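Trainee: For reference, the file query.cif (mmCIF, N, CA and C atoms) is included below:
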data_work
#
loop_
_atom_site.label_atom_id
_atom_site.label_comp_id
_atom_site.auth_asym_id
_atom_site.auth_seq_id
_atom_site.Cartn_x
_atom_site.Cartn_y
_atom_site.Cartn_z
N MET A 108 137.26 67.17 115.11
CA MET A 108 136.86 66.14 114.17
C MET A 108 135.88 65.21 114.87
N LEU A 109 134.88 64.81 114.12
CA LEU A 109 133.88 63.90 114.64
C LEU A 109 134.04 62.55 113.95
N TYR A 110 134.18 61.51 114.75
CA TYR A 110 134.33 60.15 114.23
C TYR A 110 133.14 59.33 114.68
N LYS A 111 132.73 58.37 113.85
CA LYS A 111 131.53 57.59 114.16
C LYS A 111 131.76 56.12 113.84
N ILE A 112 131.16 55.30 114.69
CA ILE A 112 131.08 53.88 114.39
C ILE A 112 129.66 53.42 114.70
N SER A 113 129.08 52.70 113.75
CA SER A 113 127.78 52.03 113.92
C SER A 113 128.04 50.57 113.59
N HIS A 114 127.62 49.72 114.48
CA HIS A 114 127.91 48.30 114.25
C HIS A 114 126.82 47.44 114.87
N SER A 115 126.42 46.41 114.15
CA SER A 115 125.45 45.44 114.66
C SER A 115 126.20 44.27 115.29
N VAL A 116 125.82 43.97 116.52
CA VAL A 116 126.47 42.90 117.27
C VAL A 116 125.59 41.65 117.17
N PRO A 117 126.17 40.54 116.71
CA PRO A 117 125.37 39.31 116.56
C PRO A 117 124.78 38.83 117.89
N ALA A 118 123.68 38.10 117.78
CA ALA A 118 123.06 37.48 118.96
C ALA A 118 124.05 36.53 119.62
N ASN A 119 123.88 36.34 120.91
CA ASN A 119 124.70 35.41 121.70
C ASN A 119 126.19 35.76 121.69
N THR A 120 126.52 37.03 121.70
CA THR A 120 127.92 37.46 121.82
C THR A 120 128.19 37.69 123.30
N THR A 121 129.10 36.91 123.86
CA THR A 121 129.30 36.92 125.32
C THR A 121 130.51 37.75 125.74
N THR A 122 130.62 37.98 127.03
CA THR A 122 131.77 38.71 127.58
C THR A 122 133.06 37.91 127.43
N ASP A 123 132.95 36.59 127.33
CA ASP A 123 134.13 35.75 127.14
C ASP A 123 134.72 35.91 125.74
N ASN A 124 133.87 36.27 124.78
CA ASN A 124 134.30 36.45 123.40
C ASN A 124 133.54 37.62 122.78
N PRO A 125 133.82 38.86 123.25
CA PRO A 125 133.05 40.01 122.77
C PRO A 125 133.34 40.36 121.31
N ASP A 126 132.37 41.04 120.69
CA ASP A 126 132.58 41.58 119.36
C ASP A 126 133.61 42.70 119.49
N TRP A 127 134.52 42.79 118.53
CA TRP A 127 135.61 43.76 118.62
C TRP A 127 135.74 44.51 117.31
N GLN A 128 135.71 45.82 117.39
CA GLN A 128 135.87 46.68 116.22
C GLN A 128 136.91 47.76 116.54
N LYS A 129 137.58 48.25 115.51
CA LYS A 129 138.53 49.35 115.68
C LYS A 129 137.94 50.61 115.05
N LEU A 130 138.12 51.73 115.72
CA LEU A 130 137.70 53.02 115.20
C LEU A 130 138.95 53.88 115.04
N GLN A 131 139.28 54.22 113.80
CA GLN A 131 140.44 55.06 113.51
C GLN A 131 140.09 56.51 113.87
N ILE A 132 140.98 57.15 114.63
CA ILE A 132 140.76 58.53 115.06
C ILE A 132 142.03 59.33 114.78
N SER A 133 142.10 60.54 115.30
CA SER A 133 143.28 61.38 115.10
C SER A 133 143.87 61.78 116.45
N ARG A 134 145.04 62.33 116.39
CA ARG A 134 145.70 62.87 117.58
C ARG A 134 144.91 64.07 118.06
N GLY A 135 144.80 64.25 119.36
CA GLY A 135 144.08 65.39 119.92
C GLY A 135 143.53 65.08 121.29
N ILE A 136 142.42 65.72 121.62
CA ILE A 136 141.78 65.55 122.92
C ILE A 136 140.33 65.14 122.69
N ILE A 137 139.95 63.98 123.25
CA ILE A 137 138.54 63.59 123.19
C ILE A 137 137.80 64.53 124.13
N ILE A 138 136.87 65.31 123.56
CA ILE A 138 136.13 66.26 124.39
C ILE A 138 134.68 65.84 124.60
N GLN A 139 134.21 64.88 123.79
CA GLN A 139 132.81 64.52 123.91
C GLN A 139 132.53 63.18 123.23
N TRP A 140 131.64 62.44 123.84
CA TRP A 140 131.11 61.20 123.27
C TRP A 140 129.61 61.38 123.08
N ILE A 141 129.06 60.77 122.06
CA ILE A 141 127.61 60.66 121.92
C ILE A 141 127.35 59.18 121.67
N VAL A 142 126.57 58.57 122.54
CA VAL A 142 126.32 57.13 122.47
C VAL A 142 124.82 56.89 122.36
N PHE A 143 124.44 55.96 121.47
CA PHE A 143 123.04 55.63 121.29
C PHE A 143 122.89 54.15 121.00
N MET A 144 121.91 53.54 121.68
CA MET A 144 121.55 52.14 121.43
C MET A 144 120.04 52.09 121.28
N PRO A 145 119.53 51.46 120.25
CA PRO A 145 118.07 51.41 120.07
C PRO A 145 117.36 50.80 121.28
N GLU A 146 116.14 51.27 121.51
CA GLU A 146 115.37 50.86 122.68
C GLU A 146 115.14 49.35 122.75
N GLU A 147 114.97 48.71 121.58
CA GLU A 147 114.71 47.27 121.59
C GLU A 147 115.92 46.46 122.10
N ALA A 148 117.08 47.11 122.20
CA ALA A 148 118.26 46.42 122.74
C ALA A 148 118.15 46.23 124.25
N ALA A 149 117.25 47.01 124.88
CA ALA A 149 117.06 46.95 126.34
C ALA A 149 118.42 46.93 127.04
N ASP A 150 118.60 46.01 127.95
CA ASP A 150 119.90 45.88 128.61
C ASP A 150 120.68 44.71 128.03
N LEU A 151 120.29 44.29 126.85
CA LEU A 151 120.94 43.13 126.22
C LEU A 151 122.25 43.50 125.54
N LEU A 152 122.37 44.73 125.06
CA LEU A 152 123.56 45.20 124.34
C LEU A 152 124.41 46.06 125.28
N LYS A 153 125.68 45.74 125.36
CA LYS A 153 126.60 46.49 126.22
C LYS A 153 127.89 46.76 125.46
N VAL A 154 128.48 47.96 125.68
CA VAL A 154 129.73 48.32 125.00
C VAL A 154 130.72 48.94 125.97
N ARG A 155 131.97 48.89 125.58
CA ARG A 155 133.05 49.58 126.30
C ARG A 155 134.09 50.00 125.27
N VAL A 156 134.86 51.06 125.60
CA VAL A 156 135.86 51.60 124.70
C VAL A 156 137.21 51.56 125.40
N VAL A 157 138.22 51.10 124.66
CA VAL A 157 139.58 50.94 125.20
C VAL A 157 140.57 51.67 124.30
N TYR A 158 141.52 52.38 124.92
CA TYR A 158 142.60 53.04 124.18
C TYR A 158 143.92 52.56 124.75
N HIS A 159 144.74 51.93 123.93
CA HIS A 159 146.05 51.39 124.34
C HIS A 159 145.95 50.53 125.59
N GLY A 160 144.94 49.67 125.62
CA GLY A 160 144.80 48.73 126.73
C GLY A 160 144.14 49.28 127.97
N THR A 161 143.75 50.55 127.97
CA THR A 161 143.10 51.16 129.12
C THR A 161 141.66 51.49 128.78
N GLN A 162 140.74 50.99 129.60
CA GLN A 162 139.33 51.28 129.35
C GLN A 162 139.07 52.76 129.65
N ILE A 163 138.49 53.48 128.66
CA ILE A 163 138.22 54.90 128.85
C ILE A 163 136.73 55.23 128.83
N LEU A 164 135.90 54.28 128.44
CA LEU A 164 134.45 54.50 128.49
C LEU A 164 133.77 53.17 128.70
N PRO A 165 132.97 52.97 129.74
CA PRO A 165 132.87 53.86 130.88
C PRO A 165 134.17 53.86 131.67
N TYR A 166 134.27 54.81 132.56
CA TYR A 166 135.54 55.07 133.25
C TYR A 166 135.90 54.01 134.27
N THR A 167 134.92 53.30 134.78
CA THR A 167 135.17 52.39 135.89
C THR A 167 135.52 50.99 135.41
N GLY A 168 136.73 50.61 135.67
CA GLY A 168 137.26 49.27 135.46
C GLY A 168 136.63 48.40 134.40
N LYS A 169 135.89 47.42 134.82
CA LYS A 169 135.35 46.41 133.90
C LYS A 169 133.86 46.60 133.63
N ASP A 170 133.31 47.79 133.88
CA ASP A 170 131.89 48.04 133.62
C ASP A 170 131.63 48.18 132.13
N TRP A 171 130.36 48.13 131.78
CA TRP A 171 129.91 48.27 130.40
C TRP A 171 128.88 49.39 130.33
N LEU A 172 128.78 50.06 129.19
CA LEU A 172 127.70 51.02 128.94
C LEU A 172 126.51 50.24 128.39
N TYR A 173 125.31 50.55 128.88
CA TYR A 173 124.11 49.91 128.35
C TYR A 173 122.90 50.77 128.68
N GLY A 174 121.81 50.54 127.98
CA GLY A 174 120.56 51.22 128.27
C GLY A 174 120.52 52.69 127.88
N LEU A 175 121.33 53.11 126.91
CA LEU A 175 121.33 54.51 126.47
C LEU A 175 120.43 54.62 125.23
N PHE A 176 119.11 54.74 125.47
CA PHE A 176 118.12 54.65 124.41
C PHE A 176 117.88 55.96 123.68
N THR A 177 118.38 57.05 124.19
CA THR A 177 118.35 58.32 123.48
C THR A 177 119.80 58.74 123.30
N PRO A 178 120.11 59.52 122.28
CA PRO A 178 121.51 59.97 122.14
C PRO A 178 121.99 60.63 123.43
N THR A 179 122.98 60.05 124.04
CA THR A 179 123.49 60.51 125.33
C THR A 179 124.85 61.15 125.15
N VAL A 180 124.98 62.39 125.59
CA VAL A 180 126.23 63.14 125.47
C VAL A 180 127.03 62.96 126.76
N ILE A 181 128.29 62.60 126.60
CA ILE A 181 129.20 62.43 127.74
C ILE A 181 130.39 63.35 127.49
N GLU A 182 130.53 64.36 128.33
CA GLU A 182 131.67 65.28 128.21
C GLU A 182 132.91 64.59 128.74
N ASP A 183 134.06 64.91 128.15
CA ASP A 183 135.29 64.23 128.54
C ASP A 183 136.49 65.11 128.26
N ARG A 184 137.65 64.66 128.61
CA ARG A 184 138.91 65.35 128.31
C ARG A 184 140.03 64.31 128.40
N ILE A 185 140.22 63.56 127.32
CA ILE A 185 141.22 62.48 127.29
C ILE A 185 142.23 62.79 126.18
N GLN A 186 143.50 62.84 126.55
CA GLN A 186 144.58 63.09 125.59
C GLN A 186 144.80 61.84 124.73
N ILE A 187 144.81 62.05 123.42
CA ILE A 187 145.16 61.00 122.47
C ILE A 187 146.43 61.50 121.77
N GLN A 188 147.57 60.97 122.21
CA GLN A 188 148.82 61.49 121.65
C GLN A 188 149.78 60.43 121.17
N ASP A 189 149.51 59.17 121.48
CA ASP A 189 150.42 58.10 121.07
C ASP A 189 149.79 57.24 119.97
N PRO A 190 150.51 57.05 118.85
CA PRO A 190 149.99 56.15 117.81
C PRO A 190 150.05 54.70 118.30
N PRO A 191 149.27 53.82 117.78
CA PRO A 191 148.29 54.06 116.72
C PRO A 191 147.08 54.82 117.26
N PHE A 192 146.54 55.71 116.43
CA PHE A 192 145.40 56.53 116.81
C PHE A 192 144.12 55.76 116.48
N GLU A 193 143.74 54.89 117.40
CA GLU A 193 142.56 54.07 117.21
C GLU A 193 141.99 53.66 118.56
N LEU A 194 140.70 53.42 118.55
CA LEU A 194 140.00 52.96 119.75
C LEU A 194 139.50 51.55 119.49
N ASP A 195 139.56 50.72 120.52
CA ASP A 195 139.01 49.37 120.45
C ASP A 195 137.62 49.42 121.08
N ILE A 196 136.63 49.01 120.31
CA ILE A 196 135.25 48.98 120.79
C ILE A 196 134.86 47.52 121.01
N TYR A 197 134.52 47.20 122.25
CA TYR A 197 134.10 45.85 122.59
C TYR A 197 132.60 45.88 122.89
N ALA A 198 131.88 44.87 122.42
CA ALA A 198 130.44 44.82 122.64
C ALA A 198 129.99 43.39 122.88
N VAL A 199 128.95 43.27 123.70
CA VAL A 199 128.31 41.98 123.94
C VAL A 199 126.81 42.13 123.71
N ASN A 200 126.18 41.04 123.30
CA ASN A 200 124.75 41.03 123.04
C ASN A 200 124.20 39.73 123.60
N SER A 201 123.49 39.82 124.71
CA SER A 201 122.97 38.61 125.35
C SER A 201 121.61 38.17 124.80
N ASP A 202 121.10 38.86 123.78
CA ASP A 202 119.87 38.44 123.12
C ASP A 202 120.16 37.12 122.39
N ASP A 203 119.28 36.14 122.57
CA ASP A 203 119.54 34.83 121.95
C ASP A 203 118.97 34.73 120.53
N THR A 204 118.31 35.80 120.04
CA THR A 204 117.68 35.73 118.73
C THR A 204 118.13 36.83 117.77
N TYR A 205 118.19 38.07 118.24
CA TYR A 205 118.40 39.21 117.35
C TYR A 205 119.74 39.90 117.57
N GLU A 206 120.28 40.44 116.47
CA GLU A 206 121.46 41.30 116.58
C GLU A 206 120.97 42.69 116.98
N HIS A 207 121.85 43.48 117.61
CA HIS A 207 121.51 44.84 118.01
C HIS A 207 122.66 45.77 117.64
N GLU A 208 122.31 47.01 117.30
CA GLU A 208 123.29 47.98 116.81
C GLU A 208 123.58 49.06 117.84
N TYR A 209 124.84 49.44 117.94
CA TYR A 209 125.23 50.61 118.74
C TYR A 209 125.77 51.68 117.80
N ASN A 210 125.70 52.93 118.25
CA ASN A 210 126.24 54.08 117.52
C ASN A 210 127.07 54.88 118.50
N ILE A 211 128.32 55.09 118.17
CA ILE A 211 129.21 55.89 119.03
C ILE A 211 129.85 56.97 118.18
N TYR A 212 129.73 58.20 118.64
CA TYR A 212 130.39 59.35 118.02
C TYR A 212 131.45 59.84 118.99
N VAL A 213 132.63 60.18 118.46
CA VAL A 213 133.73 60.70 119.28
C VAL A 213 134.13 62.04 118.70
N ASN A 214 134.07 63.08 119.52
CA ASN A 214 134.45 64.42 119.10
C ASN A 214 135.85 64.71 119.62
N ILE A 215 136.80 64.93 118.69
CA ILE A 215 138.20 65.13 119.07
C ILE A 215 138.64 66.53 118.65
N SER A 216 139.13 67.27 119.62
CA SER A 216 139.68 68.59 119.36
C SER A 216 141.14 68.42 118.97
N PRO A 217 141.58 69.11 117.91
CA PRO A 217 142.99 68.97 117.51
C PRO A 217 143.92 69.48 118.61
N PRO A 218 145.15 68.97 118.66
CA PRO A 218 146.08 69.44 119.68
C PRO A 218 146.37 70.93 119.48
N GLN A 219 146.47 71.65 120.58
CA GLN A 219 146.74 73.08 120.53
C GLN A 219 148.22 73.34 120.79
N PRO A 220 148.83 74.24 120.03
CA PRO A 220 150.24 74.55 120.29
C PRO A 220 150.39 75.26 121.62
N VAL A 221 151.52 75.05 122.26
CA VAL A 221 151.81 75.72 123.52
C VAL A 221 152.29 77.13 123.20
N ARG A 222 151.63 78.10 123.79
CA ARG A 222 152.02 79.49 123.58
C ARG A 222 152.89 79.94 124.75
N PRO A 223 153.89 80.78 124.49
CA PRO A 223 154.78 81.21 125.58
C PRO A 223 154.04 81.79 126.77
N GLY A 224 152.96 82.52 126.54
CA GLY A 224 152.19 83.09 127.65
C GLY A 224 151.45 82.04 128.44
N GLY A 225 151.30 80.84 127.88
CA GLY A 225 150.56 79.79 128.55
C GLY A 225 151.42 78.88 129.40
N VAL A 226 152.73 79.08 129.41
CA VAL A 226 153.64 78.26 130.20
C VAL A 226 153.70 78.81 131.62
N PRO A 227 153.49 77.97 132.62
CA PRO A 227 153.53 78.45 134.00
C PRO A 227 154.88 79.10 134.32
N PRO A 228 154.87 80.19 135.10
CA PRO A 228 156.12 80.91 135.42
C PRO A 228 157.19 80.02 136.03
N SER A 229 156.79 79.05 136.84
CA SER A 229 157.80 78.20 137.48
C SER A 229 158.60 77.42 136.42
N ILE A 230 157.95 76.99 135.37
CA ILE A 230 158.65 76.28 134.29
C ILE A 230 159.59 77.24 133.57
N VAL A 231 159.11 78.45 133.28
CA VAL A 231 159.94 79.45 132.60
C VAL A 231 161.16 79.77 133.45
N GLU A 232 160.96 79.96 134.73
CA GLU A 232 162.09 80.27 135.62
C GLU A 232 163.10 79.12 135.66
N ARG A 233 162.61 77.90 135.69
CA ARG A 233 163.52 76.75 135.68
C ARG A 233 164.31 76.70 134.37
N PHE A 234 163.65 76.97 133.26
CA PHE A 234 164.32 76.97 131.97
C PHE A 234 165.40 78.06 131.92
N LYS A 235 165.08 79.25 132.40
CA LYS A 235 166.05 80.33 132.44
C LYS A 235 167.23 79.95 133.34
N GLY A 236 166.93 79.28 134.42
CA GLY A 236 167.97 78.87 135.36
C GLY A 236 168.99 77.93 134.74
N LEU A 237 168.54 77.11 133.79
CA LEU A 237 169.46 76.21 133.12
C LEU A 237 170.52 76.96 132.33
N PHE A 238 170.19 78.15 131.89
CA PHE A 238 171.11 78.94 131.05
C PHE A 238 171.63 80.18 131.75
N GLY A 239 171.54 80.20 133.06
CA GLY A 239 172.10 81.32 133.83
C GLY A 239 171.25 82.57 133.83
N GLY A 240 170.01 82.49 133.39
CA GLY A 240 169.15 83.66 133.35
C GLY A 240 168.14 83.70 134.46
N GLY A 241 168.21 82.78 135.40
CA GLY A 241 167.23 82.73 136.48
C GLY A 241 167.46 83.83 137.49
N THR A 242 166.45 84.07 138.31
CA THR A 242 166.56 85.12 139.32
C THR A 242 167.08 84.58 140.62
#
So, in terms of structure tokens, how does the structure I just supplied come out?

Mentor:
Amino acid sequence: MLYKISHSVPANTTTDNPDWQKLQISRGIIIQWIVFMPEEAADLLKVRVVYHGTQILPYTGKDWLYGLFTPTVIEDRIQIQDPPFELDIYAVNSDDTYEHEYNIYVNISPPQPVRPGGVPPSIVERFKGLFGGGT
């Protein structure tokens, strides 16, 4: 499933009071992001994505994404399994005159069922051991 948010961030939005939007998503695995900010935003517009209080984009602590003037693909593999299924998008705009828009696409692969052949042998052996079937 592909989810999208496009939002214009007002001028003079600071890190002390960032713009905050929620993006409703589904359970699964985030496999890809596509992020785009118009060129006129320069380094004035910055965004970050948080899931359940943990920053997941960009990956490093308190950094912000900025300067992505062409659609930028970021491969990922993040489990989304606990409700609520939503991402918090925080943005700042240090332009003192104009609002600037960001576009974020999130590609989520649905959860895959566990197949018996996909379970590591050590787990299977431990399970059998619980019921007297271990070797």

Trainee: Between segment 178-206 of chain A and segment 134-158 of chain A, at 5 Å or less, what are the per-residue closest atom pairs and their distances in Å? Count only N, CA and C atoms, order by chain and rising residue number, and return it as a Markdown table.

Mentor:
| residue | atom | partner | partner_atom | distance |
| --- | --- | --- | --- | --- |
| A:Pro178 | CA | A:Val142 | C | 4.5 |
| A:Thr179 | N | A:Val142 | C | 4.0 |
| A:Val180 | CA | A:Trp140 | C | 4.5 |
| A:Ile181 | N | A:Trp140 | C | 4.0 |
| A:Glu182 | CA | A:Gln139 | CA | 4.5 |
| A:Asp183 | N | A:Ile138 | C | 3.7 |
| A:Arg184 | CA | A:Ile137 | C | 4.4 |
| A:Ile185 | C | A:Ile137 | N | 3.9 |
| A:Gln186 | CA | A:Ile136 | CA | 4.6 |
| A:Ile187 | N | A:Gly135 | C | 3.9 |
| A:Leu194 | CA | A:Val157 | C | 4.8 |
| A:Asp195 | C | A:Val157 | N | 4.0 |
| A:Ile196 | CA | A:Arg155 | C | 4.7 |
| A:Tyr197 | C | A:Arg155 | N | 4.1 |
| A:Ala198 | CA | A:Lys153 | C | 4.3 |
| A:Val199 | N | A:Lys153 | C | 4.0 |
| A:Asn200 | CA | A:Leu151 | C | 4.3 |
| A:Ser201 | N | A:Leu151 | C | 4.0 |
| A:Asp202 | N | A:Leu151 | CA | 4.9 |

Trainee: Could you list, as a ChimeraX atom specification, every residue matched by the PyMOL selection byres ((chain A and resi 211) around 6.5) in this structure?

Mentor: /A:110-113,141-143,209-210,212-213

Trainee: Need the neighbours of (136.2, 69.2, 116.8): which residues are at most 7 Å away, counting only C-alpha atoms, as a PyMOL selection string?

Mentor: chain A and resi 108-109+214-217

Trainee: For the alpha helix (DSSP H) assignment from backbone DSSP, which residues of chain A qualify? Please present them as a list in words.

Mentor: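 Here is the list: Pro228, Ser229, Ile230, Val231, Glu232, Arg233, Phe234, Lys235, Gly236 and Leu237 of chain A.
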
Trainee: If the PyMOL selection byres ((chain A and resi 191) around 8) were run on this exact file, what residues would it hold? Put them as a PyMOL selection string.

Mentor: chain A and resi 131-134+159+188-190+192-194

Trainee: Write the residues of the selection above to a file with N, CA and C atoms, as a PDB file, keeping the file's coordinate frame.

Mentor:
ATOM      1  N   GLN A 131     139.280  54.220 113.800  1.00  0.00           N
ATOM      2  CA  GLN A 131     140.440  55.060 113.510  1.00  0.00           C
ATOM      3  C   GLN A 131     140.090  56.510 113.870  1.00  0.00           C
ATOM      4  N   ILE A 132     140.980  57.150 114.630  1.00  0.00           N
ATOM      5  CA  ILE A 132     140.760  58.530 115.060  1.00  0.00           C
ATOM      6  C   ILE A 132     142.030  59.330 114.780  1.00  0.00           C
ATOM      7  N   SER A 133     142.100  60.540 115.300  1.00  0.00           N
ATOM      8  CA  SER A 133     143.280  61.380 115.100  1.00  0.00           C
ATOM      9  C   SER A 133     143.870  61.780 116.450  1.00  0.00           C
ATOM     10  N   ARG A 134     145.040  62.330 116.390  1.00  0.00           N
ATOM     11  CA  ARG A 134     145.700  62.870 117.580  1.00  0.00           C
ATOM     12  C   ARG A 134     144.910  64.070 118.060  1.00  0.00           C
ATOM     13  N   HIS A 159     144.740  51.930 123.930  1.00  0.00           N
ATOM     14  CA  HIS A 159     146.050  51.390 124.340  1.00  0.00           C
ATOM     15  C   HIS A 159     145.950  50.530 125.590  1.00  0.00           C
ATOM     16  N   GLN A 188     147.570  60.970 122.210  1.00  0.00           N
ATOM     17  CA  GLN A 188     148.820  61.490 121.650  1.00  0.00           C
ATOM     18  C   GLN A 188     149.780  60.430 121.170  1.00  0.00           C
ATOM     19  N   ASP A 189     149.510  59.170 121.480  1.00  0.00           N
ATOM     20  CA  ASP A 189     150.420  58.100 121.070  1.00  0.00           C
ATOM     21  C   ASP A 189     149.790  57.240 119.970  1.00  0.00           C
ATOM     22  N   PRO A 190     150.510  57.050 118.850  1.00  0.00           N
ATOM     23  CA  PRO A 190     149.990  56.150 117.810  1.00  0.00           C
ATOM     24  C   PRO A 190     150.050  54.700 118.300  1.00  0.00           C
ATOM     25  N   PHE A 192     146.540  55.710 116.430  1.00  0.00           N
ATOM     26  CA  PHE A 192     145.400  56.530 116.810  1.00  0.00           C
ATOM     27  C   PHE A 192     144.120  55.760 116.480  1.00  0.00           C
ATOM     28  N   GLU A 193     143.740  54.890 117.400  1.00  0.00           N
ATOM     29  CA  GLU A 193     142.560  54.070 117.210  1.00  0.00           C
ATOM     30  C   GLU A 193     141.990  53.660 118.560  1.00  0.00           C
ATOM     31  N   LEU A 194     140.700  53.420 118.550  1.00  0.00           N
ATOM     32  CA  LEU A 194     140.000  52.960 119.750  1.00  0.00           C
ATOM     33  C   LEU A 194     139.500  51.550 119.490  1.00  0.00           C
TER      34      LEU A 194
END

Trainee: One number please: atom CA of Gly174 of chain A to atom CA of Trp127 of chain A, in Å, one decimal.

Mentor: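 Between atom CA of Gly174 of chain A and atom CA of Trp127 of chain A the gap is 19.4 Å.
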
Trainee: Rounded to one decimal in Å, what is the spacing between atom C of Asp170 of chain A and atom N of Asp126 of chain A?

Mentor: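 Interatomic distance here is 13.5 Å.
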
Trainee: Could you jot down the atom CA of Gln128 of chain A to atom CA of Leu172 of chain A separation for me, Å, one decimal place?

Mentor: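 Between these atoms lies a distance of 15.7 Å.
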
Trainee: With DSSP run on the backbone, what are the strand (DSSP E or B) residues within chain A? I'd like them as a PyMOL selection string.

Mentor: chain A and resi 109-116+120+126-131+135-143+152-158+161-164+172+179-187+193-200+207-216

Trainee: Could you write out as a VMD selection string the residues that the PyMOL selection byres ((chain A and resi 207) around 6.5) matches in the shown file?

Mentor: chain A and resid 114 to 118 148 205 to 206 208 to 209
